[in-house]
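To be precise, the following lines are structure-v4.txt, and they hold compact mmCIF, C-alpha atoms and all ligand atoms.
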# COMPACT_ATOMS: atom_id res chain seq x y z
CA MET A 18 6.39 -20.74 -26.88
CA PHE A 19 5.97 -19.10 -23.48
CA GLN A 20 9.33 -17.39 -23.51
CA ARG A 21 8.28 -14.00 -22.18
CA ILE A 22 6.31 -14.55 -19.00
CA LEU A 23 4.43 -11.77 -17.23
CA LEU A 24 4.03 -12.60 -13.54
CA ALA A 25 1.48 -10.53 -11.60
CA THR A 26 2.14 -10.15 -7.90
CA ASP A 27 0.59 -8.44 -4.90
CA GLY A 28 2.93 -10.25 -2.51
CA SER A 29 0.14 -12.55 -1.27
CA PRO A 30 0.88 -16.24 -0.54
CA ASN A 31 -1.11 -17.09 -3.65
CA SER A 32 0.96 -14.85 -5.90
CA LEU A 33 4.16 -16.28 -4.38
CA ARG A 34 2.95 -19.75 -5.37
CA ALA A 35 2.36 -18.32 -8.83
CA ALA A 36 5.99 -17.10 -8.79
CA GLN A 37 7.24 -20.60 -8.00
CA LYS A 38 5.24 -22.10 -10.84
CA ALA A 39 6.39 -19.38 -13.22
CA LYS A 40 9.97 -20.25 -12.27
CA ASP A 41 9.38 -24.01 -12.77
CA LEU A 42 7.93 -23.30 -16.21
CA ALA A 43 10.61 -20.81 -17.23
CA LEU A 44 13.34 -23.28 -16.33
CA LEU A 45 11.97 -25.63 -18.99
CA ILE A 46 12.07 -22.98 -21.72
CA PRO A 47 15.34 -21.89 -23.36
CA ASN A 48 15.97 -18.12 -23.10
CA ALA A 49 12.85 -17.55 -21.01
CA SER A 50 12.36 -14.30 -19.11
CA ILE A 51 10.00 -13.41 -16.28
CA THR A 52 8.74 -9.86 -15.86
CA VAL A 53 7.33 -9.32 -12.39
CA ILE A 54 4.58 -6.72 -12.51
CA HIS A 55 3.16 -5.00 -9.45
CA VAL A 56 0.54 -2.28 -9.63
CA LEU A 57 0.23 0.30 -6.88
CA PRO A 58 -3.34 1.60 -6.80
CA LEU A 59 -3.04 5.34 -6.25
CA THR A 60 -5.62 5.51 -3.46
CA PRO A 61 -6.13 8.80 -1.57
CA GLU A 62 -4.31 7.25 1.45
CA LEU A 63 -1.28 6.28 -0.61
CA THR A 64 -1.21 9.62 -2.39
CA ILE A 65 -1.16 11.44 0.97
CA GLU A 66 1.59 9.14 2.24
CA LEU A 67 3.70 9.73 -0.87
CA GLN A 68 3.07 13.47 -0.66
CA LYS A 69 4.45 13.52 2.89
CA GLU A 70 7.59 11.73 1.79
CA LEU A 71 8.01 14.20 -1.05
CA GLU A 72 7.59 17.14 1.31
CA SER A 73 10.27 15.76 3.60
CA GLN A 74 12.42 15.86 0.43
CA GLU A 75 13.78 12.43 1.15
CA PHE A 76 12.52 10.97 -2.07
CA THR A 77 11.44 11.91 -5.55
CA PHE A 78 7.96 10.66 -6.48
CA GLU A 79 9.48 7.78 -8.48
CA GLU A 80 11.69 6.77 -5.56
CA ALA A 81 8.78 6.94 -3.11
CA LEU A 82 6.77 4.61 -5.36
CA ARG A 83 9.72 2.20 -5.68
CA GLU A 84 10.17 2.24 -1.92
CA LYS A 85 6.50 1.44 -1.39
CA ALA A 86 6.62 -1.51 -3.79
CA ARG A 87 9.96 -2.82 -2.55
CA PRO A 88 8.68 -5.44 -0.03
CA VAL A 89 6.35 -6.96 -2.64
CA PHE A 90 9.12 -7.24 -5.23
CA LYS A 91 11.52 -8.57 -2.62
CA ARG A 92 9.19 -11.34 -1.51
CA THR A 93 8.37 -12.27 -5.08
CA LEU A 94 12.00 -12.30 -6.22
CA ASN A 95 12.80 -14.52 -3.22
CA SER A 96 10.18 -16.99 -4.41
CA LEU A 97 11.74 -16.95 -7.87
CA GLY A 98 15.03 -17.90 -6.24
CA GLU A 99 18.51 -17.87 -7.68
CA ALA A 100 17.82 -20.08 -10.64
CA GLY A 101 19.82 -17.95 -13.08
CA LEU A 102 16.69 -16.84 -14.89
CA ASN A 103 16.35 -13.54 -16.69
CA VAL A 104 14.07 -11.62 -14.29
CA LEU A 105 12.83 -8.04 -14.77
CA THR A 106 10.55 -5.89 -12.65
CA ARG A 107 7.80 -3.59 -13.83
CA LEU A 108 6.09 -1.16 -11.48
CA GLU A 109 2.84 0.49 -12.58
CA THR A 110 0.32 2.72 -10.87
CA GLY A 111 -3.43 2.81 -11.24
CA HIS A 112 -6.10 0.14 -11.48
CA PRO A 113 -4.34 -3.22 -11.02
CA ALA A 114 -6.41 -5.31 -13.46
CA GLU A 115 -6.34 -2.61 -16.16
CA ARG A 116 -2.58 -2.05 -15.90
CA ILE A 117 -1.84 -5.79 -15.92
CA ALA A 118 -4.13 -6.34 -18.93
CA GLU A 119 -2.54 -3.39 -20.75
CA ALA A 120 0.93 -4.84 -20.21
CA ALA A 121 -0.24 -8.32 -21.23
CA ASN A 122 -1.80 -6.99 -24.42
CA SER A 123 1.24 -4.91 -25.37
CA GLY A 124 2.76 -7.66 -27.49
CA ASP A 125 5.76 -7.91 -25.18
CA TYR A 126 4.64 -11.11 -23.45
CA ASP A 127 3.52 -14.65 -24.33
CA LEU A 128 1.88 -15.74 -21.08
CA VAL A 129 0.42 -14.22 -17.92
CA VAL A 130 0.89 -16.08 -14.64
CA ILE A 131 -1.40 -14.88 -11.86
CA GLY A 132 -2.78 -16.12 -8.52
CA SER A 133 -6.44 -17.08 -8.29
CA ARG A 134 -6.80 -14.99 -5.11
CA GLY A 135 -4.75 -12.27 -3.51
CA LEU A 136 -4.82 -10.24 -0.33
CA GLY A 137 -8.62 -9.91 -0.25
CA ASP A 138 -10.82 -11.46 2.46
CA TRP A 139 -13.28 -13.53 0.44
CA GLN A 140 -11.06 -16.57 -0.04
CA GLU A 141 -13.99 -18.93 -0.61
CA ILE A 142 -14.72 -17.31 -3.96
CA LEU A 143 -12.68 -18.92 -6.75
CA LEU A 144 -11.27 -15.79 -8.39
CA GLY A 145 -10.49 -12.35 -7.04
CA SER A 146 -11.57 -9.26 -8.94
CA VAL A 147 -8.09 -8.69 -10.39
CA SER A 148 -7.56 -12.24 -11.67
CA GLU A 149 -11.09 -12.37 -13.05
CA LYS A 150 -10.80 -9.07 -14.91
CA VAL A 151 -7.35 -9.97 -16.26
CA CYS A 152 -8.71 -13.30 -17.57
CA HIS A 153 -11.53 -11.51 -19.34
CA SER A 154 -9.46 -8.79 -20.93
CA VAL A 155 -6.19 -10.30 -22.10
CA HIS A 156 -5.58 -11.76 -25.53
CA ILE A 157 -2.73 -14.09 -24.56
CA PRO A 158 -2.84 -17.31 -22.50
CA VAL A 159 -3.31 -16.95 -18.74
CA LEU A 160 -2.09 -19.45 -16.17
CA ILE A 161 -4.03 -19.13 -12.91
CA ILE A 162 -2.37 -20.61 -9.84
CA LYS A 163 -4.56 -21.71 -6.92
N1 LIG B 1 -1.85 -4.80 -7.31
C1 LIG B 1 -1.53 -5.91 -7.97
N2 LIG B 1 -0.46 -5.92 -8.79
C2 LIG B 1 -0.13 -7.04 -9.48
N3 LIG B 1 -0.81 -8.20 -9.38
C3 LIG B 1 -1.88 -8.24 -8.57
C4 LIG B 1 -2.31 -7.11 -7.83
N4 LIG B 1 -3.41 -7.45 -7.13
C5 LIG B 1 -3.66 -8.73 -7.41
N5 LIG B 1 -2.73 -9.22 -8.27
C6 LIG B 1 -2.66 -10.59 -8.84
O1 LIG B 1 -3.97 -11.12 -8.91
C7 LIG B 1 -4.07 -12.30 -8.12
C8 LIG B 1 -5.46 -12.36 -7.54
O2 LIG B 1 -5.67 -11.26 -6.67
P1 LIG B 1 -7.07 -10.52 -6.52
O3 LIG B 1 -6.76 -9.13 -6.09
O4 LIG B 1 -7.86 -10.73 -7.76
O5 LIG B 1 -7.76 -11.36 -5.35
P2 LIG B 1 -8.21 -10.86 -3.90
O6 LIG B 1 -7.24 -9.85 -3.37
O7 LIG B 1 -8.39 -12.13 -3.09
O8 LIG B 1 -9.62 -10.23 -4.20
P3 LIG B 1 -10.07 -8.69 -4.29
O9 LIG B 1 -8.84 -7.84 -4.57
O10 LIG B 1 -11.04 -8.68 -5.42
O11 LIG B 1 -10.67 -8.41 -2.96
C9 LIG B 1 -2.93 -12.22 -7.10
O12 LIG B 1 -2.52 -13.49 -6.62
C10 LIG B 1 -1.85 -11.55 -7.94
O13 LIG B 1 -1.25 -12.54 -8.78
MG MG B 2 -6.79 -8.03 -4.32
structure tokens encoding of this file:
Amino acid sequence: MFQRILLATDGSPNSLRAAQKAKDLALLIPNASITVIHVLPLTPELTIELQKELESQEFTFEEALREKARPVFKRTLNSLGEAGLNVLTRLETGHPAERIAEAANSGDYDLVVIGSRGLGDWQEILLGSVSEKVCHSVHIPVLIIK
């Protein structure tokens, strides 16, 4: 039923809890896969940073993006552990909620797992702007982890 799980992560403690729950769920489902999606918002600051790395010719643009996202993927994959699950990563750029919703609505996934809050400061509010927008705009089930 929920064989193809899309797990959204920003590396926050909340999204790492979401990773653990996604793993627990996937372990109950034969042939389940988890795709870990992280969206890098291309802010002016990040664009300048990436530009500098490109100018130093150390990286291609793709590699610089990968490098930037690496700690988030690493932390999230650690939370998924070595359970022998089929785990994929998906790096996108742009508006996080829009990119996650686009992926979720692509027909490639059966369930979105997402944290209620992320790295933002207003922890007393139930949902962050990304989780709220994703809930509103996806056409598949969403599991929100507090
Ligand atoms: N850039 C991102 N890429 C992938 N998933 C994300 C991203 N940002 C947030 N998420 C997912 O959404 C969940 C909720 O984060 P959200 O950003 O909505 O809350 P917040 O950071 O507390 O609030 P806000 O960003 O509105 O200040 C996270 O736990 C994570 O699962
Ligand atoms: Mg956030």
Closest of A:Val147, A:Leu24, A:Ala49, A:Met18 to ligand LIG 1 (chain B) - atom-to-atom distances counting only C-alpha atoms and all ligand atoms: A:Val147
query: Of the candidates A:Gln74, A:Asn31, A:Thr52, A:Gln68, which one gets nearest to ligand MG 2 (chain B) if we count all atoms listed in the file?
result: A:Asn31
message: I want to know what sits within 9 Å of stretch 53-65 of chain A, based on only C-alpha atoms, with residues of the same chain fewer than 2 positions away left out; could you give that as JSON, numbers by chain?
response: {"A": [22, 23, 24, 25, 26, 27, 28, 36, 51, 67, 68, 69, 70, 82, 85, 86, 89, 90, 93, 94, 104, 105, 106, 107, 108, 109, 110, 111, 112, 113, 114, 116, 117, 120]}
- request: Pick out the residues sitting within 6 Å of stretch 133-144 of chain A, and hand them over as a list in words; count only C-alpha atoms, and ignore anything fewer than 6 positions along from it in its own chain.
  value: Ser29, Ile161, Ile162 and Lys163 of chain A
Residues just named, written with C-alpha atoms as a PDB file, in the coordinates of the input:
ATOM      1  CA  SER A  29       0.140 -12.550  -1.270  1.00  0.00           C
ATOM      2  CA  ILE A 161      -4.030 -19.130 -12.910  1.00  0.00           C
ATOM      3  CA  ILE A 162      -2.370 -20.610  -9.840  1.00  0.00           C
ATOM      4  CA  LYS A 163      -4.560 -21.710  -6.920  1.00  0.00           C
TER       5      LYS A 163
END
With all atoms of ligand LIG 1 (chain B) from the file as input, state the centre and edge lengths in Å to one decimal of the axis-aligned box that has 8 Å extra on each side, as lines of an AutoDock Vina configuration file.
center_x = -5.6
center_y = -9.1
center_z = -6.2
size_x = 26.9
size_y = 24.7
size_z = 22.5
message: Under the rule that all atoms listed in the file are counted, which of A:Ser50, A:Ser154, A:Asn95, A:Ser148 is the nearest residue to ligand MG 2 (chain B)?
response: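 Nearest candidate to ligand MG 2 (chain B) out of A:Ser50, A:Ser154, A:Asn95, A:Ser148: A:Ser148.
Put simply, atom O3 of ligand LIG 1 (chain B) is 23.7 Å away from atom CA of A:Ala43.
When all atoms listed in the file are used to measure the gap to ligand LIG 1 (chain B), the shortest distance among A:Ser123, A:Thr77, A:Asn48, A:Ser32 belongs to A:Ser32.
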A:Lys150, A:Pro88, A:Leu160, A:Gly132 ranked by distance to ligand LIG 1 (chain B), top pick (using all atoms listed in the file):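 The shortest atom-to-atom distance to ligand LIG 1 (chain B) comes from A:Gly132.
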